[in-house]
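The structure under discussion appears below in the form of structure tokens.
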Amino acid sequence: IALTATADPLTRAEIVERLALADARVFVSSFDRPNIRYTIVDKDDARAQLLAFIRGEHPGEAGIVYCLTRRRVDETAAWLAGKGIAAIPYHAGMDNADRTANQARFRQEDGIVVVATIAFGMGIDKPDVRFVAHLDLPKSVEGYYQETGRAGRDGLPADAWMAYGLADVVQQRRLVEQSEADDAFKRVASAKLDALLGLAETASCRRVRLLDYFGEASAPCG
């Protein structure tokens, strides 16, 4: 049996091919998370926008803020803490004891906002995460979906909020071009980034666009 949390139709076909599962049945459940509201805003002053979002929509509630680099994680967590938000950092470059302690605080205490790189979240099953915010563009729609999916696992309303700017696109393209991967991988990575830009820039319902990426038809949610 082959299992994956998040895969578009092309990836599902590749799994079948690589593992020689041509005669196997394929089960795909819905990708829709109806309790999550998806908001993507033009990046102006990302930190100030994030603070306004937390104070306005989720004061005193648990959330995750994703950043691209460890330095940005540390700076953002410190800045939020200075503004009275119970914010703590989490990334692979931290002292192991500090990182473990911060993870435990997030799981056990109410109202903690953890600022993290995408290394955070594997195995985290805190049901009452009320928001997931992105200060930097993820690499793909799959990454975005998995990270936002850590919000609202209790089924109650939750927010997926992202500040997006063209500088993010330039940065992600540079990361793809400078990687040591082969050309085929770079083409796939570039196509995935294009799909994410399509989601960020669409004028139609983002939920429809998100579900369509995973091969699921839907109507505008209103």
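All residue names refer to the structure tokens as shown: chains lettered A, B, ... in order, residues numbered from 1 in each chain, ligands numbered from 1 in order.
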Exercise for review: Based on DSSP run over this structure's backbone, return all residues of stretch 3-40 of chain A in helix (DSSP H, G or I), as a ChimeraX atom specification.
Suggested key: /A:9-18
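Once stretch 30-46 of chain A and its same-chain neighbours fewer than 4 positions away are set aside, A:Leu50, A:Leu135, A:Gly152, A:Gly155, A:Leu156, A:Pro157, A:Ala158, A:Asp159, A:Ala160, A:Trp161, A:Met162, A:Ala163, A:Tyr164, A:Gly165, A:Ala200, A:Arg206, A:Leu211 remain within 7 Å of it when counting only C-alpha atoms.
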Write a file of the just-selected residues containing N, CA and C atoms, as a compact mmCIF listing (two decimals), in the first residue's frame.
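Saved the output as again_33.txt:
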```txt
# COMPACT_ATOMS: atom_id res chain seq x y z
N LEU A 50 1.18 41.28 9.41
CA LEU A 50 1.00 40.09 10.23
C LEU A 50 0.47 40.47 11.62
N LEU A 135 4.88 34.37 5.81
CA LEU A 135 5.53 35.64 5.50
C LEU A 135 6.37 35.53 4.25
N GLY A 152 -6.90 24.47 12.25
CA GLY A 152 -8.29 24.05 12.36
C GLY A 152 -8.56 22.56 12.30
N GLY A 155 -11.89 21.21 13.40
CA GLY A 155 -13.08 21.44 12.60
C GLY A 155 -13.71 22.81 12.77
N LEU A 156 -13.19 23.61 13.69
CA LEU A 156 -13.71 24.96 13.90
C LEU A 156 -13.04 25.94 12.94
N PRO A 157 -13.64 27.12 12.72
CA PRO A 157 -13.09 28.07 11.75
C PRO A 157 -11.63 28.42 12.02
N ALA A 158 -10.85 28.48 10.94
CA ALA A 158 -9.42 28.81 11.03
C ALA A 158 -9.02 29.61 9.79
N ASP A 159 -7.88 30.27 9.88
CA ASP A 159 -7.42 31.12 8.79
C ASP A 159 -6.08 30.65 8.22
N ALA A 160 -5.98 30.70 6.90
CA ALA A 160 -4.69 30.57 6.20
C ALA A 160 -4.42 31.93 5.58
N TRP A 161 -3.39 32.60 6.06
CA TRP A 161 -3.11 33.98 5.64
C TRP A 161 -1.69 34.05 5.09
N MET A 162 -1.53 34.70 3.96
CA MET A 162 -0.19 34.82 3.37
C MET A 162 0.02 36.22 2.79
N ALA A 163 1.19 36.79 3.06
CA ALA A 163 1.61 38.04 2.43
C ALA A 163 2.55 37.68 1.29
N TYR A 164 2.23 38.19 0.10
CA TYR A 164 2.94 37.74 -1.10
C TYR A 164 3.40 38.94 -1.92
N GLY A 165 4.67 38.91 -2.35
CA GLY A 165 5.20 39.97 -3.19
C GLY A 165 6.10 39.41 -4.27
N ALA A 200 -1.89 32.49 -6.07
CA ALA A 200 -1.75 33.78 -5.37
C ALA A 200 -2.39 34.92 -6.15
N ARG A 206 -10.18 31.22 -4.47
CA ARG A 206 -8.92 30.50 -4.26
C ARG A 206 -9.15 29.04 -3.92
N LEU A 211 -8.32 23.37 -5.08
CA LEU A 211 -8.84 22.01 -5.27
C LEU A 211 -8.62 21.53 -6.70
```
Do a neighbour search on A:Asp8 at 10 Å with only C-alpha atoms, toss out local chain neighbours closer than 6 positions, and write the hits as a short mmCIF file (atom, residue, chain, number, x, y, z; two decimals) with N, CA, C and O atoms, in the first residue's frame.
```cif
data_model
loop_
_atom_site.label_atom_id
_atom_site.label_comp_id
_atom_site.auth_asym_id
_atom_site.auth_seq_id
_atom_site.Cartn_x
_atom_site.Cartn_y
_atom_site.Cartn_z
N VAL A 141 2.26 24.42 -4.39
CA VAL A 141 0.90 24.35 -3.87
C VAL A 141 0.80 23.23 -2.83
O VAL A 141 0.12 23.37 -1.82
N GLU A 142 1.52 22.11 -3.08
CA GLU A 142 1.50 21.01 -2.10
C GLU A 142 2.03 21.49 -0.75
O GLU A 142 1.44 21.20 0.30
N LEU A 211 -8.32 23.37 -5.08
CA LEU A 211 -8.84 22.01 -5.27
C LEU A 211 -8.62 21.53 -6.70
O LEU A 211 -8.35 20.35 -6.93
N ASP A 212 -8.71 22.45 -7.65
CA ASP A 212 -8.48 22.08 -9.05
C ASP A 212 -7.06 21.56 -9.25
O ASP A 212 -6.83 20.64 -10.04
N TYR A 213 -6.11 22.13 -8.53
CA TYR A 213 -4.72 21.68 -8.63
C TYR A 213 -4.61 20.20 -8.28
O TYR A 213 -3.80 19.47 -8.85
N PHE A 214 -5.42 19.74 -7.34
CA PHE A 214 -5.39 18.35 -6.91
C PHE A 214 -6.39 17.48 -7.68
O PHE A 214 -6.65 16.34 -7.31
N GLY A 215 -6.96 18.06 -8.77
CA GLY A 215 -7.86 17.28 -9.61
C GLY A 215 -9.27 17.14 -9.07
O GLY A 215 -9.99 16.22 -9.43
N GLU A 216 -9.67 18.07 -8.19
CA GLU A 216 -10.99 18.00 -7.57
C GLU A 216 -11.84 19.18 -8.04
O GLU A 216 -11.48 20.34 -7.82
#
```
Exercise for review: Write out as a ChimeraX atom specification which residues come within 6 Å of stretch 110-117 of chain A when counting only C-alpha atoms, dropping same-chain ones fewer than 6 positions away.
Suggested key: /A:60-68,73,77,86-91
Exercise for review: Tell me which protein, DNA and RNA residues are within 10 Å of A:Ala48, counting only C-alpha atoms, leaving out same-chain ones fewer than 5 positions away, and put them as a ChimeraX atom specification.
Suggested key: /A:53-54,80
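With distances taken over only C-alpha atoms, A:Lys192 is the one residue among A:Ala78, A:Lys192, A:Cys205, A:Val132 lying closest to A:Ala7.
Of note, atom CA of A:Ala217 and atom CA of A:Leu137 are spaced 25.0 Å apart.
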**Study point:** DSSP-assigned strand (DSSP E) among stretch 6-222 of chain A, expressed as an NGL selection string
**Key:** :A and (36-42 or 63-66 or 87-90 or 113-116 or 131-134 or 158-164)
